[in-house]
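Below is one structure; the comments refer to it alone.
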Amino acid sequence: MTAKLLSVNVGMPKDVSWQGRTVHTGVWKHPVTGPRLVRRLNIDGDGQGDLQGHGGEQRAVLVYQIQSYAHWQEHFGRSDFEYGQFGENFTVDGLPDDEVCVGDRYRIGEAEFEVTQPRVTCYRVGMRLGEPELPALLVSHHRPGFYLRVITEGVVRAGDDIVKTRTGPGALSVADIDALLYLPGRDPDHLRRALAIPALSPGWQQSFRDMTAARAAAGTAAGAGAGVGARAEAWPGFRPLRVTGLVHETPSVLSVELAADDGGALPAAEAGQYLTLRVGGAGDPAPVRSYSLSSAPGAAAYRVSVKREELGLVSRYLHTGLRVGAVLEVAAPRGDFVLVPEAGPVVLVSAGVGATPVMAMLHRLAAERTARPVWWIHAARNHREHLFAREAHALLRGLPEAHEHVFYTARHDATDEGDGVLAEVHRGRPTLESMAALGLPADATAYLCGPAPFMAAMRTTLTTIGLADDRIHTELFGALAAINPGLTARPAVAPHQPPGEPGTGPLITFARSGLSVRWSPRHRSVLDLADACDVPTRWSCRTGVCHTCTTPLLAGDVEYAPDPLEPPPAGEVLICCARPRHDLVLDL
């Protein structure tokens with residue numbers, strides 16, 4: 001039976017109200033009569049609201065099958081579907097997802113097309129149908145639909161026959177490729193075959209390359225006896241640690257030393273990781289904050305160094321109220337901003353209290369007596385605010401090839417002459433010119449930590465003078481930047497209690513945002529609660545498919561509704577479909 005084009009559907013992006021926000025989306029498509037010209041990027045009269053996930057040359061035309069319409073009408077008990085309901089441009093009779101292969105080509109009317117990838121899982125198709133779980137169901141029922149690239153532009157119209165002109169290599173169907181990305185039990189042979197399909201869109205190719213690399217790394221670690229758990233948390237939840245030392249490093253930075261309350265040895269942290277503290281003396285409920293470790297990995301005690309913020313509830317308490325002998329609840333060291341073992345030059349760049357994680361990295365390099373060229377670049381206001389000046393200088397002096405450069409940003413003061421421990425002081429902020437003059441090697445790996453504008457400027461500077469962008473690693477204080485596809489921009493709002501009656505359920509603590517909120521069942525998920533509180537979040541499908549919302553779980557337990565198609569790694573949670581069973585602490 002010849003496949004047939006039943007309907008051509010187009011629609012321009014528009015603003016749609018959704019859960020108190022505005023979504024700019026082109027998912028509303030409607031049938032058109034007569035001929036339509038299909039161009040390289042679009043059908044005439046069509047557009048996409050979010051070009052990060054939809055549209056472009058590789059996703060010019062979205063196809064969905066009338067047989068899947070019938071499937072979903074039966075599944076949802078509905079009879080109100082119209083052509084374009086699933087956001088597709090072409091509604092077709094035939095071309096099932098389990099038979100059409102990526103790389104297949106088809107002629108429709110005057111135009112020729114190539115299959116490039118399955119539909120991207122996206123909450124907006126669920127929004128369009130009023131069925132929030134639909135993105136997960138499209139994957140689990142193996143009915144995603146697929147995108148076409150335009151090989152030859154031309155006119156199409158409803159009623160055109162669809163003629164296959166070429167069979168793609170690899171013999172992997174749209175449903176196979178979709179399951180390979182989103183479902184567990186992946187076949188390594190399918191991964192290899194998928195990567196050998198030239199027509200597969202670059203984004204999906206990169207995802208499969210990342211999977212292949214992750215499998216290889218896991219196998220290497222297992223062969224070395226480390227296993228995937230090499231970065232697993234050292235203990236679950238929070239445990240008591242006793243304050244054994246308080247050191248005022250500068251007028252504004254206090255170091256807190258923590259040892260096991262039972263006197264035992266502490267698990268070694270990786271250089272660059274952080275601790276999350278629950279500080280009972282600072283408020284009720286006990287506020288939770290995260291601070292980078294500045295101590296040598298493997299030291300007898302952990303050390304975190306905290307800058308006093310005048311409006312900071314916890315930092316003010318730590319600076320003025322904390323005493324040696326006090327006990328704090330602490331979650332295990334975690335974080336992926338860690339020193340990568342390799343042989344090339346390393347550049348450690350920091351500003352202010354951002355020196356804390358790179359200080360731990362410098363301790364690691366010194367303990368290993370590394371032969372790597374090490375560049376230490378630090379910006380401070382002046383000598384009095386220069387964090388770890390003597391400590392860093394002493395460690396660098398013990399390395400065979402170390403370069404130390406310090407920038408004082410405040411106007412020169414006689415007190416800035418210091419006490420002779422600094423190798424070289426530059427006046428003013430680090431600029432492209434001053435950084436280029438340092439002669440940093442282009443093959444170096446760089447680690448940056450400091451205020452967000454500083455890190456953005458330094459990344460631009462380092463790439464401009466020749467360092468590879470993928471070898472520049474950053475650590476950001478506070479909440480991560482949000483990923484909320486399709487939402488229109490609005491002024492940033494500090495995290496706050498949700499509107500309406502306070503909840504009475506488990507206590508949900510968003511550690512990076514410094515906010516604790518009682519759960520209320522009026523929220524569908526932890527993600528919905530976070531949205532109501534203006535906590536910065538990252539998501540796309542909102543149904544447990546894409547794992548964009550994966551968040552470290554510091555303490556507590558959750559249940560899922562719906563169940564994710566693939567569980568997250570241990571110690572993490574998919575907040576888009578999670579609800580709390582008990583109190584939660586999230587690294588969010």
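By convention here, the chains of the structure tokens are called A, B, ... in the order presented, each chain's residues are numbered starting at 1, and ligands are numbered starting at 1 in the order presented.
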
Would you list the contacts of range 340-347 of chain A as a VMD selection string, taking every protein, DNA or RNA residue within 8 Å and counting only C-alpha atoms, but skipping same-chain residues closer than 6 positions in sequence? chain A and resid 372 to 377 441 443 to 447

Take the residues from that selection and put them in a file with C-alpha atoms, as an mmCIF file, in the first residue's frame.
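What ended up in selection-v5.cif:
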data_model
loop_
_atom_site.group_PDB
_atom_site.id
_atom_site.type_symbol
_atom_site.label_atom_id
_atom_site.label_comp_id
_atom_site.auth_asym_id
_atom_site.auth_seq_id
_atom_site.Cartn_x
_atom_site.Cartn_y
_atom_site.Cartn_z
ATOM 1 C CA ARG A 372 53.085 19.637 35.184
ATOM 2 C CA PRO A 373 53.522 23.365 34.516
ATOM 3 C CA VAL A 374 51.140 25.078 36.964
ATOM 4 C CA TRP A 375 49.828 28.629 36.554
ATOM 5 C CA TRP A 376 48.209 30.253 39.595
ATOM 6 C CA ILE A 377 46.264 33.410 38.714
ATOM 7 C CA PRO A 441 50.279 27.536 26.950
ATOM 8 C CA ASP A 443 47.356 23.162 25.397
ATOM 9 C CA ALA A 444 46.593 23.914 29.068
ATOM 10 C CA THR A 445 43.522 22.812 31.012
ATOM 11 C CA ALA A 446 42.026 25.701 32.968
ATOM 12 C CA TYR A 447 39.861 25.736 36.100
#

Counting only C-alpha atoms, which residues of range 260-379 of chain A sit at most 12 Å from some atom of range 568-586 of chain A, and what is each one's closest atom pair with its distance in Å to one decimal, listed by chain and rising residue number, as a tab-separated table?
residue	atom	partner	partner_atom	distance
A:Thr276	CA	A:Val585	CA	9.8
A:Leu277	CA	A:Val585	CA	10.7
A:Arg278	CA	A:Val585	CA	9.7
A:Pro285	CA	A:Asp583	CA	11.6
A:Ala286	CA	A:Val585	CA	11.4
A:Pro287	CA	A:Val585	CA	10.4
A:Val288	CA	A:Val585	CA	8.2
A:Arg289	CA	A:Val585	CA	10.5
A:Ser290	CA	A:Leu586	CA	11.1
A:Val330	CA	A:Val585	CA	11.6
A:Ala331	CA	A:Val585	CA	9.8
A:Ala332	CA	A:Gly571	CA	11.1
A:Arg334	CA	A:Gly571	CA	10.5

Take the residues from that selection and put them in a file with all heavy atoms, as an mmCIF file, in the first residue's frame.
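Final file, result.cif:
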data_model
loop_
_atom_site.group_PDB
_atom_site.id
_atom_site.type_symbol
_atom_site.label_atom_id
_atom_site.label_comp_id
_atom_site.auth_asym_id
_atom_site.auth_seq_id
_atom_site.Cartn_x
_atom_site.Cartn_y
_atom_site.Cartn_z
ATOM 1 N N THR A 276 27.990 20.298 51.779
ATOM 2 C CA THR A 276 26.714 20.949 52.082
ATOM 3 C C THR A 276 26.473 20.841 53.575
ATOM 4 O O THR A 276 26.502 19.737 54.145
ATOM 5 C CB THR A 276 25.567 20.302 51.299
ATOM 6 O OG1 THR A 276 25.832 20.431 49.893
ATOM 7 C CG2 THR A 276 24.241 20.969 51.615
ATOM 8 N N LEU A 277 26.267 21.993 54.223
ATOM 9 C CA LEU A 277 26.118 22.063 55.677
ATOM 10 C C LEU A 277 24.670 22.405 56.035
ATOM 11 O O LEU A 277 24.050 23.265 55.392
ATOM 12 C CB LEU A 277 27.026 23.148 56.269
ATOM 13 C CG LEU A 277 28.511 22.834 56.486
ATOM 14 C CD1 LEU A 277 29.205 22.414 55.207
ATOM 15 C CD2 LEU A 277 29.210 24.056 57.087
ATOM 16 N N ARG A 278 24.154 21.712 57.051
ATOM 17 C CA ARG A 278 22.878 22.096 57.652
ATOM 18 C C ARG A 278 23.212 22.745 58.993
ATOM 19 O O ARG A 278 23.719 22.081 59.896
ATOM 20 C CB ARG A 278 21.967 20.882 57.819
ATOM 21 C CG ARG A 278 20.567 21.229 58.282
ATOM 22 C CD ARG A 278 19.533 20.210 57.811
ATOM 23 N NE ARG A 278 19.870 18.846 58.141
ATOM 24 C CZ ARG A 278 19.253 17.775 57.627
ATOM 25 N NH1 ARG A 278 18.300 17.945 56.727
ATOM 26 N NH2 ARG A 278 19.604 16.563 57.985
ATOM 27 N N PRO A 285 13.427 26.443 60.186
ATOM 28 C CA PRO A 285 14.244 25.227 60.099
ATOM 29 C C PRO A 285 15.701 25.552 59.789
ATOM 30 O O PRO A 285 16.017 26.633 59.282
ATOM 31 C CB PRO A 285 13.595 24.453 58.949
ATOM 32 C CG PRO A 285 12.956 25.507 58.102
ATOM 33 C CD PRO A 285 12.474 26.561 59.052
ATOM 34 N N ALA A 286 16.563 24.577 60.110
ATOM 35 C CA ALA A 286 18.002 24.785 59.923
ATOM 36 C C ALA A 286 18.307 25.071 58.461
ATOM 37 O O ALA A 286 17.996 24.255 57.588
ATOM 38 C CB ALA A 286 18.771 23.553 60.383
ATOM 39 N N PRO A 287 18.889 26.238 58.152
ATOM 40 C CA PRO A 287 19.221 26.532 56.751
ATOM 41 C C PRO A 287 20.343 25.639 56.239
ATOM 42 O O PRO A 287 21.181 25.157 57.012
ATOM 43 C CB PRO A 287 19.643 28.000 56.785
ATOM 44 C CG PRO A 287 20.053 28.256 58.189
ATOM 45 C CD PRO A 287 19.243 27.345 59.054
ATOM 46 N N VAL A 288 20.351 25.426 54.955
ATOM 47 C CA VAL A 288 21.328 24.562 54.290
ATOM 48 C C VAL A 288 22.119 25.396 53.290
ATOM 49 O O VAL A 288 21.542 26.141 52.496
ATOM 50 C CB VAL A 288 20.631 23.385 53.584
ATOM 51 C CG1 VAL A 288 21.630 22.552 52.798
ATOM 52 C CG2 VAL A 288 19.895 22.511 54.598
ATOM 53 N N ARG A 289 23.442 25.266 53.331
ATOM 54 C CA ARG A 289 24.291 25.980 52.393
ATOM 55 C C ARG A 289 25.428 25.063 51.944
ATOM 56 O O ARG A 289 25.839 24.147 52.683
ATOM 57 C CB ARG A 289 24.904 27.244 53.029
ATOM 58 C CG ARG A 289 23.888 28.266 53.490
ATOM 59 C CD ARG A 289 23.197 28.963 52.333
ATOM 60 N NE ARG A 289 22.381 30.079 52.801
ATOM 61 C CZ ARG A 289 21.112 29.957 53.224
ATOM 62 N NH1 ARG A 289 20.538 28.763 53.231
ATOM 63 N NH2 ARG A 289 20.436 31.020 53.611
ATOM 64 N N SER A 290 25.970 25.351 50.774
ATOM 65 C CA SER A 290 27.095 24.580 50.237
ATOM 66 C C SER A 290 28.323 25.463 50.124
ATOM 67 O O SER A 290 28.226 26.628 49.696
ATOM 68 C CB SER A 290 26.744 24.007 48.857
ATOM 69 O OG SER A 290 25.679 23.073 48.954
ATOM 70 N N VAL A 330 26.508 17.532 58.055
ATOM 71 C CA VAL A 330 27.232 17.739 56.795
ATOM 72 C C VAL A 330 26.933 16.585 55.833
ATOM 73 O O VAL A 330 26.994 15.413 56.221
ATOM 74 C CB VAL A 330 28.755 17.838 57.052
ATOM 75 C CG1 VAL A 330 29.499 18.090 55.743
ATOM 76 C CG2 VAL A 330 29.063 18.945 58.069
ATOM 77 N N ALA A 331 26.611 16.942 54.603
ATOM 78 C CA ALA A 331 26.473 15.931 53.543
ATOM 79 C C ALA A 331 27.841 15.648 52.937
ATOM 80 O O ALA A 331 28.760 16.462 53.012
ATOM 81 C CB ALA A 331 25.499 16.414 52.474
ATOM 82 N N ALA A 332 27.971 14.488 52.349
ATOM 83 C CA ALA A 332 29.266 14.036 51.817
ATOM 84 C C ALA A 332 29.777 14.959 50.716
ATOM 85 O O ALA A 332 29.005 15.636 50.033
ATOM 86 C CB ALA A 332 29.122 12.620 51.273
ATOM 87 N N ARG A 334 30.799 16.341 47.274
ATOM 88 C CA ARG A 334 30.254 16.046 45.949
ATOM 89 C C ARG A 334 30.618 17.167 44.999
ATOM 90 O O ARG A 334 31.169 18.192 45.402
ATOM 91 C CB ARG A 334 28.736 15.849 46.016
ATOM 92 C CG ARG A 334 27.966 17.098 46.395
ATOM 93 C CD ARG A 334 26.490 16.788 46.561
ATOM 94 N NE ARG A 334 26.265 15.898 47.679
ATOM 95 C CZ ARG A 334 25.535 14.765 47.645
ATOM 96 N NH1 ARG A 334 24.960 14.392 46.535
ATOM 97 N NH2 ARG A 334 25.379 14.027 48.699
#

Minimum-distance residue to Val306 in chain A, chosen among A:Ala70, A:Leu348, A:Val327, A:Val247 (using only C-alpha atoms):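 Among A:Ala70, A:Leu348, A:Val327, A:Val247, it is A:Val247 that comes nearest to Val306 in chain A.
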
Could you give me, as a list of chain:residue names, the residues within 10 Å of Leu432 in chain A, counting only C-alpha atoms and dropping anything in the same chain fewer than 4 positions from it? A:Ala436, A:Ala437, A:Ala457, A:Met458, A:Thr460, A:Thr461, A:Leu462, A:Thr464, A:Ile465

Test item: residues at most 10 Å from range 547-549 of chain A, only C-alpha atoms, excluding those fewer than 3 positions along its chain, as a list of chain:residue names: A:Tyr182, A:Ile483, A:Asn484, A:Leu527, A:Thr537, A:Arg538, A:Trp539, A:Ser540, A:Cys541, A:Arg542, A:Thr543, A:Gly544, A:Pro552, A:Pro564, A:Leu565, A:Glu566, A:Pro567, A:Pro568, A:Glu572, A:Val573, A:Leu574, A:Ile575, A:Cys576, A:Cys577

Could you state the separation of CA of Gly450 in chain A and CA of Ser350 in chain A in Å, given to one decimal place?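 Between CA of Gly450 in chain A and CA of Ser350 in chain A the gap is 5.5 Å.
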
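Rounded to one decimal, CA of Val125 in chain A and CA of Glu88 in chain A lie 9.8 Å from each other.
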
According to DSSP computed on the backbone, where in range 37-134 of chain A is there strand (DSSP E or B)? Give the residues as a list of chain:residue names.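 Written out, the strand (DSSP E or B) residues of range 37-134 of chain A are A:Leu37, A:Val38, A:Ile43, A:Val61, A:Leu62, A:Val63, A:Tyr64, A:Gln65, A:Phe90, A:Thr91, A:Val92, A:Asp93, A:Cys101, A:Arg105, A:Tyr106, A:Arg107, A:Ile108, A:Ala111, A:Glu112, A:Phe113, A:Glu114, A:Val115, A:Thr116, A:Gln117, A:Pro118.
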
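Take the candidates A:Asp262, A:Asp178, A:Glu368, A:Glu57 and check each one against Ile151 in chain A using only C-alpha atoms; the shortest distance goes to A:Glu57.
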
When DSSP works through the backbone of this structure, what residues of range 6-236 of chain A end up as helix (DSSP H, G or I), shown as a PyMOL selection string? chain A and resi 57-59+66-76+123-129+134-140+174-182+188-195+202-223+228-231

CA of Ala3 in chain A and CA of Gln117 in chain A are how many Å apart? 19.3 Å

Minimum-distance residue to Val120 in chain A, chosen among A:Val545, A:Thr509, A:Ala380, A:Ala234 (using only C-alpha atoms): A:Val545

Could you list, as a ChimeraX atom specification, every residue within 7 Å of Arg40 in chain A, counting only C-alpha atoms and ignoring same-chain residues fewer than 5 positions away? /A:57,60,150,153

I'd like the contact shell of Ser305 in chain A - 8 Å cut-off, only C-alpha atoms, skipping same-chain residues fewer than 6 positions apart - returned as a PyMOL selection string. chain A and resi 253-256+291-294+353+356

Shell around Pro96 in chain A at 7 Å using only C-alpha atoms, local window under 3 positions removed, as a list of chain:residue names: A:Gln65, A:Glu99, A:Val100

Can you write out as CSV which residues of range 510-586 of chain A fall within 8 Å of range 485-501 of chain A, alongside each residue's closest atom pair and its distance in Å to one decimal, counting only C-alpha atoms and ordering rows by chain and ascending residue number?
residue,atom,partner,partner_atom,distance
A:Ser513,CA,A:Pro495,CA,6.6
A:Leu515,CA,A:Pro495,CA,7.0
A:Val517,CA,A:Gln497,CA,6.5
A:Leu529,CA,A:Pro498,CA,7.4
A:Ala532,CA,A:Pro498,CA,5.3
A:Cys533,CA,A:Pro498,CA,4.8
A:Asp534,CA,A:Pro495,CA,4.9
A:Val535,CA,A:Pro495,CA,5.1
A:Trp539,CA,A:Pro485,CA,7.7
A:Ser540,CA,A:Pro485,CA,6.3

Resulting file, chosen residues, all heavy atoms, as a PDB file, in the first residue's frame:
ATOM      1  N   SER A 513      19.641  27.456  46.560  1.00  0.00           N
ATOM      2  CA  SER A 513      18.802  28.651  46.600  1.00  0.00           C
ATOM      3  C   SER A 513      18.560  29.156  48.014  1.00  0.00           C
ATOM      4  O   SER A 513      17.968  30.225  48.196  1.00  0.00           O
ATOM      5  CB  SER A 513      17.451  28.363  45.922  1.00  0.00           C
ATOM      6  OG  SER A 513      17.634  27.987  44.577  1.00  0.00           O
ATOM      7  N   LEU A 515      16.541  27.977  50.406  1.00  0.00           N
ATOM      8  CA  LEU A 515      15.104  28.060  50.679  1.00  0.00           C
ATOM      9  C   LEU A 515      14.580  26.707  51.149  1.00  0.00           C
ATOM     10  O   LEU A 515      14.905  25.670  50.565  1.00  0.00           O
ATOM     11  CB  LEU A 515      14.361  28.473  49.402  1.00  0.00           C
ATOM     12  CG  LEU A 515      12.837  28.622  49.503  1.00  0.00           C
ATOM     13  CD1 LEU A 515      12.471  29.814  50.388  1.00  0.00           C
ATOM     14  CD2 LEU A 515      12.222  28.768  48.114  1.00  0.00           C
ATOM     15  N   VAL A 517      10.840  24.787  52.113  1.00  0.00           N
ATOM     16  CA  VAL A 517       9.399  24.949  51.880  1.00  0.00           C
ATOM     17  C   VAL A 517       8.689  23.664  52.270  1.00  0.00           C
ATOM     18  O   VAL A 517       9.172  22.560  51.969  1.00  0.00           O
ATOM     19  CB  VAL A 517       9.119  25.251  50.388  1.00  0.00           C
ATOM     20  CG1 VAL A 517       7.635  25.405  50.144  1.00  0.00           C
ATOM     21  CG2 VAL A 517       9.865  26.495  49.949  1.00  0.00           C
ATOM     22  N   LEU A 529       6.685  22.622  42.422  1.00  0.00           N
ATOM     23  CA  LEU A 529       6.906  23.416  43.634  1.00  0.00           C
ATOM     24  C   LEU A 529       8.055  24.400  43.424  1.00  0.00           C
ATOM     25  O   LEU A 529       7.952  25.583  43.785  1.00  0.00           O
ATOM     26  CB  LEU A 529       7.208  22.498  44.820  1.00  0.00           C
ATOM     27  CG  LEU A 529       7.630  23.203  46.116  1.00  0.00           C
ATOM     28  CD1 LEU A 529       6.530  24.125  46.625  1.00  0.00           C
ATOM     29  CD2 LEU A 529       8.006  22.174  47.183  1.00  0.00           C
ATOM     30  N   ALA A 532       6.934  27.286  41.427  1.00  0.00           N
ATOM     31  CA  ALA A 532       6.091  28.199  42.200  1.00  0.00           C
ATOM     32  C   ALA A 532       6.914  29.095  43.118  1.00  0.00           C
ATOM     33  O   ALA A 532       6.473  30.185  43.490  1.00  0.00           O
ATOM     34  CB  ALA A 532       5.076  27.402  43.015  1.00  0.00           C
ATOM     35  N   CYS A 533       8.114  28.628  43.476  1.00  0.00           N
ATOM     36  CA  CYS A 533       9.011  29.387  44.366  1.00  0.00           C
ATOM     37  C   CYS A 533      10.044  30.209  43.600  1.00  0.00           C
ATOM     38  O   CYS A 533      10.902  30.848  44.212  1.00  0.00           O
ATOM     39  CB  CYS A 533       9.741  28.430  45.311  1.00  0.00           C
ATOM     40  SG  CYS A 533       8.666  27.487  46.400  1.00  0.00           S
ATOM     41  N   ASP A 534       9.995  30.163  42.261  1.00  0.00           N
ATOM     42  CA  ASP A 534      10.990  30.833  41.422  1.00  0.00           C
ATOM     43  C   ASP A 534      12.405  30.347  41.704  1.00  0.00           C
ATOM     44  O   ASP A 534      13.381  31.106  41.589  1.00  0.00           O
ATOM     45  CB  ASP A 534      10.903  32.353  41.552  1.00  0.00           C
ATOM     46  CG  ASP A 534       9.709  32.918  40.796  1.00  0.00           C
ATOM     47  OD1 ASP A 534       9.598  32.639  39.590  1.00  0.00           O
ATOM     48  OD2 ASP A 534       8.875  33.601  41.414  1.00  0.00           O
ATOM     49  N   VAL A 535      12.533  29.079  42.073  1.00  0.00           N
ATOM     50  CA  VAL A 535      13.849  28.444  42.174  1.00  0.00           C
ATOM     51  C   VAL A 535      14.305  28.125  40.754  1.00  0.00           C
ATOM     52  O   VAL A 535      13.557  27.508  39.984  1.00  0.00           O
ATOM     53  CB  VAL A 535      13.774  27.154  43.020  1.00  0.00           C
ATOM     54  CG1 VAL A 535      15.067  26.350  42.909  1.00  0.00           C
ATOM     55  CG2 VAL A 535      13.470  27.483  44.469  1.00  0.00           C
ATOM     56  N   TRP A 539      14.772  21.788  32.817  1.00  0.00           N
ATOM     57  CA  TRP A 539      13.836  20.747  32.402  1.00  0.00           C
ATOM     58  C   TRP A 539      13.533  20.894  30.912  1.00  0.00           C
ATOM     59  O   TRP A 539      13.850  21.903  30.293  1.00  0.00           O
ATOM     60  CB  TRP A 539      12.546  20.809  33.210  1.00  0.00           C
ATOM     61  CG  TRP A 539      11.935  22.182  33.342  1.00  0.00           C
ATOM     62  CD1 TRP A 539      12.104  23.057  34.372  1.00  0.00           C
ATOM     63  CD2 TRP A 539      11.081  22.853  32.395  1.00  0.00           C
ATOM     64  NE1 TRP A 539      11.401  24.214  34.133  1.00  0.00           N
ATOM     65  CE2 TRP A 539      10.759  24.119  32.937  1.00  0.00           C
ATOM     66  CE3 TRP A 539      10.547  22.500  31.161  1.00  0.00           C
ATOM     67  CZ2 TRP A 539       9.934  25.028  32.281  1.00  0.00           C
ATOM     68  CZ3 TRP A 539       9.716  23.408  30.491  1.00  0.00           C
ATOM     69  CH2 TRP A 539       9.425  24.651  31.057  1.00  0.00           C
ATOM     70  N   SER A 540      12.879  19.855  30.364  1.00  0.00           N
ATOM     71  CA  SER A 540      12.412  19.927  28.988  1.00  0.00           C
ATOM     72  C   SER A 540      11.119  19.134  28.822  1.00  0.00           C
ATOM     73  O   SER A 540      10.091  19.692  28.495  1.00  0.00           O
ATOM     74  CB  SER A 540      13.466  19.411  28.009  1.00  0.00           C
ATOM     75  OG  SER A 540      12.999  19.510  26.688  1.00  0.00           O
TER      76      SER A 540
END

Of the candidates A:Gly84, A:Gly466, A:Gly55, A:Gly168, which one gets nearest to Leu440 in chain A if we count only C-alpha atoms? A:Gly466

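Considering only C-alpha atoms, the residue among A:Val23, A:Leu148, A:Ala271, A:Leu6 positioned nearest to Gly56 in chain A is A:Leu148.
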
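For the set A:Arg59, A:Arg78, A:His319, A:Arg308, the residue with the smallest atom-to-atom gap to Phe146 in chain A is A:Arg59, counting only C-alpha atoms.
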